[in-house]
$ cat work-v9.pdb   # PDB, C-alpha atoms
ATOM      1  CA  MET U  36      66.953  91.986  -1.254
ATOM      2  CA  TYR U  37      63.637  90.244  -0.987
ATOM      3  CA  ILE U  38      60.552  92.477  -0.915
ATOM      4  CA  ILE U  39      56.927  91.943   0.098
ATOM      5  CA  ALA U  40      54.702  94.908  -0.797
ATOM      6  CA  MET U  41      51.057  95.380   0.231
ATOM      7  CA  TYR U  42      48.707  98.260  -0.258
ATOM      8  CA  ASP U  43      45.354  99.566   1.022
ATOM      9  CA  ILE U  44      44.105 102.252  -1.349
ATOM     10  CA  ASN U  45      40.943 104.152  -0.383
ATOM     11  CA  THR U  46      38.619 103.666  -3.363
ATOM     12  CA  GLU U  47      35.613 105.635  -2.113
ATOM     13  CA  THR U  48      36.239 108.308  -4.775
ATOM     14  CA  LYS U  49      36.944 108.285  -8.534
ATOM     15  CA  ALA U  50      40.409 109.638  -7.749
ATOM     16  CA  GLY U  51      40.973 106.726  -5.340
ATOM     17  CA  ARG U  52      40.003 104.143  -7.972
ATOM     18  CA  LYS U  53      42.481 105.833 -10.352
ATOM     19  CA  ARG U  54      45.214 105.635  -7.678
ATOM     20  CA  LEU U  55      44.437 101.921  -7.283
ATOM     21  CA  ARG U  56      44.896 101.274 -11.017
ATOM     22  CA  HIS U  57      48.173 103.203 -11.053
ATOM     23  CA  MET U  58      49.449 101.373  -7.950
ATOM     24  CA  PHE U  59      48.560  97.990  -9.448
ATOM     25  CA  LYS U  60      50.394  98.794 -12.709
ATOM     26  CA  LEU U  61      53.393 100.191 -10.853
ATOM     27  CA  LEU U  62      53.944  97.216  -8.550
ATOM     28  CA  LYS U  63      53.378  94.750 -11.421
ATOM     29  CA  LYS U  64      56.329  96.435 -13.167
ATOM     30  CA  TYR U  65      58.691  95.492 -10.344
ATOM     31  CA  LEU U  66      57.193  92.514  -8.493
ATOM     32  CA  ILE U  67      55.000  89.405  -8.732
ATOM     33  CA  ARG U  68      51.425  89.541  -7.510
ATOM     34  CA  ILE U  69      50.528  86.881  -4.935
ATOM     35  CA  GLN U  70      47.247  88.250  -3.613
ATOM     36  CA  ASN U  71      44.830  91.002  -4.637
ATOM     37  CA  SER U  72      46.924  93.741  -3.036
ATOM     38  CA  VAL U  73      50.126  91.885  -2.184
ATOM     39  CA  PHE U  74      53.267  91.559  -4.313
ATOM     40  CA  GLU U  75      56.651  89.934  -3.790
ATOM     41  CA  GLY U  76      60.022  89.700  -5.504
ATOM     42  CA  GLU U  77      63.756  90.317  -5.531
ATOM     43  CA  LEU U  78      64.959  93.924  -6.107
ATOM     44  CA  THR U  79      68.241  95.777  -5.844
ATOM     45  CA  LYS U  80      68.334  98.620  -3.313
ATOM     46  CA  ALA U  81      68.368 101.175  -6.148
ATOM     47  CA  LYS U  82      65.315  99.629  -7.828
ATOM     48  CA  PHE U  83      63.494  99.449  -4.493
ATOM     49  CA  GLU U  84      64.144 103.166  -3.817
ATOM     50  CA  LYS U  85      62.926 104.072  -7.330
ATOM     51  CA  MET U  86      59.730 102.011  -6.858
ATOM     52  CA  LYS U  87      59.151 103.596  -3.436
ATOM     53  CA  TYR U  88      59.590 107.088  -4.935
ATOM     54  CA  GLU U  89      56.942 106.262  -7.571
ATOM     55  CA  VAL U  90      54.613 104.831  -4.876
ATOM     56  CA  ASN U  91      54.826 108.070  -2.904
ATOM     57  CA  ASP U  92      54.007 109.934  -6.108
ATOM     58  CA  ILE U  93      50.765 107.975  -6.505
ATOM     59  CA  ILE U  94      49.262 107.712  -3.021
ATOM     60  CA  ASP U  95      47.203 110.154  -1.014
ATOM     61  CA  SER U  96      49.123 109.676   2.191
ATOM     62  CA  SER U  97      46.164 110.709   4.343
ATOM     63  CA  LYS U  98      43.975 107.927   2.877
ATOM     64  CA  ASP U  99      46.229 105.208   1.490
ATOM     65  CA  SER U 100      48.742 102.831   3.063
ATOM     66  CA  VAL U 101      51.589 100.915   1.409
ATOM     67  CA  ILE U 102      53.826  98.661   3.494
ATOM     68  CA  PHE U 103      57.098  97.042   2.401
ATOM     69  CA  PHE U 104      58.790  94.218   4.242
ATOM     70  CA  LYS U 105      62.407  93.783   3.207
ATOM     71  CA  SER U 106      64.617  90.823   3.965
ATOM     72  CA  ARG U 107      68.263  90.769   2.980
ATOM     73  CA  ASP U 108      67.823  87.260   1.657
ATOM     74  CA  ILE U 109      64.808  85.130   0.775
ATOM     75  CA  LYS U 110      66.359  82.196   2.636
ATOM     76  CA  TRP U 111      65.582  84.035   5.900
ATOM     77  CA  MET U 112      61.889  83.870   5.117
ATOM     78  CA  ASP U 113      59.528  80.912   4.853
ATOM     79  CA  LYS U 114      56.251  81.151   3.001
ATOM     80  CA  ASP U 115      53.142  79.099   3.870
ATOM     81  CA  ILE U 116      49.972  79.178   1.757
ATOM     82  CA  CYS U 117      46.474  78.048   2.800
ATOM     83  CA  GLY U 118      43.826  77.876   0.062
ATOM     84  CA  PHE U 119      44.454  78.692  -3.572
ATOM     85  CA  GLU U 120      47.562  80.331  -5.010
ATOM     86  CA  LYS U 121      47.043  83.416  -7.208
ATOM     87  CA  ASP U 122      48.156  83.219 -10.835
ATOM     88  CA  ASP U 123      50.309  86.326 -11.512
ATOM     89  CA  THR U 124      49.091  86.641 -15.109
ATOM     90  CA  ASP U 125      45.601  87.577 -13.847
ATOM     91  CA  ASN U 126      45.122  91.311 -14.475
ATOM     92  CA  PHE U 127      41.991  91.917 -12.416
ATOM     93  CA  LEU U 128      42.302  94.611  -9.746
TER      94      LEU U 128
ATOM     95  CA  MET L 161      59.258  83.628  15.085
ATOM     96  CA  TYR L 162      57.969  86.721  13.342
ATOM     97  CA  ILE L 163      54.810  86.265  11.249
ATOM     98  CA  ILE L 164      53.161  88.341   8.545
ATOM     99  CA  ALA L 165      49.712  87.020   7.603
ATOM    100  CA  MET L 166      47.562  88.231   4.698
ATOM    101  CA  TYR L 167      44.257  86.990   3.376
ATOM    102  CA  ASP L 168      42.026  87.299   0.310
ATOM    103  CA  ILE L 169      38.586  85.975   1.156
ATOM    104  CA  ASN L 170      36.007  85.736  -1.655
ATOM    105  CA  THR L 171      33.043  87.766  -0.375
ATOM    106  CA  GLU L 172      30.699  87.342  -3.343
ATOM    107  CA  THR L 173      28.387  85.162  -1.230
ATOM    108  CA  LYS L 174      26.844  85.433   2.251
ATOM    109  CA  ALA L 175      28.977  82.452   3.267
ATOM    110  CA  GLY L 176      32.088  84.304   2.050
ATOM    111  CA  ARG L 177      31.256  87.397   4.095
ATOM    112  CA  LYS L 178      30.844  85.130   7.141
ATOM    113  CA  ARG L 179      34.254  83.545   6.444
ATOM    114  CA  LEU L 180      35.745  87.044   6.279
ATOM    115  CA  ARG L 181      34.352  87.961   9.731
ATOM    116  CA  HIS L 182      35.633  84.712  11.219
ATOM    117  CA  MET L 183      39.076  85.172   9.642
ATOM    118  CA  PHE L 184      39.312  88.749  10.934
ATOM    119  CA  LYS L 185      38.401  87.664  14.485
ATOM    120  CA  LEU L 186      40.779  84.713  14.363
ATOM    121  CA  LEU L 187      43.853  86.632  13.220
ATOM    122  CA  LYS L 188      43.098  89.483  15.673
ATOM    123  CA  LYS L 189      43.349  86.884  18.456
ATOM    124  CA  TYR L 190      46.959  86.092  17.562
ATOM    125  CA  LEU L 191      48.392  89.081  15.683
ATOM    126  CA  ILE L 192      48.291  92.866  15.187
ATOM    127  CA  ARG L 193      46.436  94.283  12.212
ATOM    128  CA  ILE L 194      48.528  96.606  10.017
ATOM    129  CA  GLN L 195      46.321  96.818   6.932
ATOM    130  CA  ASN L 196      42.768  95.800   6.026
ATOM    131  CA  SER L 197      43.740  92.192   5.406
ATOM    132  CA  VAL L 198      47.303  92.067   6.734
ATOM    133  CA  PHE L 199      48.438  91.153  10.259
ATOM    134  CA  GLU L 200      51.831  90.826  11.914
ATOM    135  CA  GLY L 201      53.331  89.642  15.194
ATOM    136  CA  GLU L 202      55.557  87.302  17.149
ATOM    137  CA  LEU L 203      54.313  83.715  17.706
ATOM    138  CA  THR L 204      55.776  80.470  18.995
ATOM    139  CA  LYS L 205      55.843  77.580  16.498
ATOM    140  CA  ALA L 206      53.079  75.811  18.448
ATOM    141  CA  LYS L 207      50.837  78.899  18.432
ATOM    142  CA  PHE L 208      51.494  79.412  14.717
ATOM    143  CA  GLU L 209      50.488  75.806  13.921
ATOM    144  CA  LYS L 210      47.303  76.178  16.005
ATOM    145  CA  MET L 211      46.385  79.433  14.213
ATOM    146  CA  LYS L 212      47.071  77.818  10.836
ATOM    147  CA  TYR L 213      44.852  74.838  11.760
ATOM    148  CA  GLU L 214      42.015  77.250  12.634
ATOM    149  CA  VAL L 215      42.592  79.190   9.367
ATOM    150  CA  ASN L 216      42.226  76.000   7.342
ATOM    151  CA  ASP L 217      39.023  75.303   9.259
ATOM    152  CA  ILE L 218      37.546  78.624   8.139
ATOM    153  CA  ILE L 219      38.538  79.031   4.480
ATOM    154  CA  ASP L 220      37.019  77.625   1.319
ATOM    155  CA  SER L 221      40.312  76.603  -0.221
ATOM    156  CA  SER L 222      38.945  76.817  -3.764
ATOM    157  CA  LYS L 223      38.019  80.514  -3.294
ATOM    158  CA  ASP L 224      40.134  81.956  -0.499
ATOM    159  CA  SER L 225      43.873  82.523  -0.057
ATOM    160  CA  VAL L 226      45.851  83.033   3.155
ATOM    161  CA  ILE L 227      49.617  83.546   2.995
ATOM    162  CA  PHE L 228      52.044  83.517   5.926
ATOM    163  CA  PHE L 229      55.588  84.826   5.771
ATOM    164  CA  LYS L 230      57.697  83.594   8.657
ATOM    165  CA  SER L 231      61.062  84.952   9.707
ATOM    166  CA  ARG L 232      63.043  83.379  12.506
ATOM    167  CA  ASP L 233      63.746  86.811  13.913
ATOM    168  CA  ILE L 234      62.234  90.246  13.349
ATOM    169  CA  LYS L 235      65.738  91.718  13.106
ATOM    170  CA  TRP L 236      66.095  90.002   9.698
ATOM    171  CA  MET L 237      63.213  92.080   8.366
ATOM    172  CA  ASP L 238      62.899  95.794   7.765
ATOM    173  CA  LYS L 239      59.537  97.482   7.480
ATOM    174  CA  ASP L 240      58.884 100.622   5.395
ATOM    175  CA  ILE L 241      55.528 102.432   5.395
ATOM    176  CA  CYS L 242      54.257 104.936   2.817
ATOM    177  CA  GLY L 243      51.051 106.803   3.661
ATOM    178  CA  PHE L 244      49.110 106.370   6.874
ATOM    179  CA  GLU L 245      49.659 103.675   9.492
ATOM    180  CA  LYS L 246      46.593 101.623  10.538
ATOM    181  CA  ASP L 247      45.458 101.838  14.154
ATOM    182  CA  ASP L 248      45.079  98.240  15.421
ATOM    183  CA  THR L 249      42.132  99.126  17.659
ATOM    184  CA  ASP L 250      39.979  99.819  14.567
ATOM    185  CA  ASN L 251      37.494  96.958  14.233
ATOM    186  CA  PHE L 252      36.178  97.634  10.736
ATOM    187  CA  LEU L 253      36.528  94.751   8.294
TER     188      LEU L 253
END

$ encode --input "work-v9.pdb" --output "structure tokens"
Amino acid sequence: MYIIAMYDINTETKAGRKRLRHMFKLLKKYLIRIQNSVFEGELTKAKFEKMKYEVNDIIDSSKDSVIFFKSRDIKWMDKDICGFEKDDTDNFL
Amino acid sequence: MYIIAMYDINTETKAGRKRLRHMFKLLKKYLIRIQNSVFEGELTKAKFEKMKYEVNDIIDSSKDSVIFFKSRDIKWMDKDICGFEKDDTDNFL
């Protein structure tokens, strides 16, 4: 299935900035980065559940938000980009 | 059709911070905010094209990125949330 993942991590504290780094590394393991805090890619259900388990392990659920949109097939989704397109090899947070 | 819109606006300059405010106000006119820079909602094709025209009017396409995912029907998309869910009435950038 096709996944779009986006996160808002509260970085007001040192712990929050650490959570942000961990979240960035985690999602880069599974998906392709298309915007600062947005990732996309194709995953099996099992891989998605494993990623989600690891996400829940990282976040402070009272301060952080991670949203996944799942579509059974990429052909049911169109993508439109205005402005520049992020280069996935860029490792800046 | 169902739209997910997400933006990365370069706010290093005063002009960039102004673009961010304008983008926030624009997308709030058409969609519901679900994360700091992510919005979702149902739009007709005509309304989507009008919003996209206004987005292109705001951005500096060498510095900013706006991505739209469009699905013909919300039933083809599942949404999963980890952590807290944003309250759309919150007007903080």

$ closest_residue --input "work-v9.pdb" --among "L:Ile219, L:Lys207, L:Gly201, L:Asp168" --to "His182 in chain L" --atoms "only C-alpha atoms"
L:Ile219

$ resolve_selection --input "work-v9.pdb" --expression "the PyMOL selection byres ((chain L and resi 191) around 10)" --output "MDAnalysis selection string"
chainID L and resid 163:165 186:190 192:194 198:203 211 248

$ write_last_selection --input "work-v9.pdb" --atoms "C-alpha atoms" --output "short mmCIF file (atom, residue, chain, number, x, y, z; two decimals), keeping the file's coordinate frame"
data_model
loop_
_atom_site.label_atom_id
_atom_site.label_comp_id
_atom_site.auth_asym_id
_atom_site.auth_seq_id
_atom_site.Cartn_x
_atom_site.Cartn_y
_atom_site.Cartn_z
CA ILE L 163 54.81 86.26 11.25
CA ILE L 164 53.16 88.34 8.54
CA ALA L 165 49.71 87.02 7.60
CA LEU L 186 40.78 84.71 14.36
CA LEU L 187 43.85 86.63 13.22
CA LYS L 188 43.10 89.48 15.67
CA LYS L 189 43.35 86.88 18.46
CA TYR L 190 46.96 86.09 17.56
CA ILE L 192 48.29 92.87 15.19
CA ARG L 193 46.44 94.28 12.21
CA ILE L 194 48.53 96.61 10.02
CA VAL L 198 47.30 92.07 6.73
CA PHE L 199 48.44 91.15 10.26
CA GLU L 200 51.83 90.83 11.91
CA GLY L 201 53.33 89.64 15.19
CA GLU L 202 55.56 87.30 17.15
CA LEU L 203 54.31 83.72 17.71
CA MET L 211 46.38 79.43 14.21
CA ASP L 248 45.08 98.24 15.42
#

$ resolve_selection --input "work-v9.pdb" --expression "the ChimeraX specification (/U :<6) & /L" --output "VMD selection string"
chain L and resid 221 to 222 224 to 231 236 to 244

$ atom_distance --input "work-v9.pdb" --atom1 "CA of Arg181 in chain L" --atom2 "CA of Met161 in chain L"
25.8 Å

$ atom_distance --input "work-v9.pdb" --atom1 "CA of Ile218 in chain L" --atom2 "CA of Arg179 in chain L"
6.2 Å

$ axis_aligned_box --input "work-v9.pdb" --around "range 93-103 of chain U" --padding-each-side "8 Å" --output "AutoDock Vina command-line options"
--center_x 50.5 --center_y 103.9 --center_z -1.1 --size_x 29.1 --size_y 29.7 --size_z 26.8

$ atom_distance --input "work-v9.pdb" --atom1 "CA of Asp92 in chain U" --atom2 "CA of Leu55 in chain U"
12.5 Å
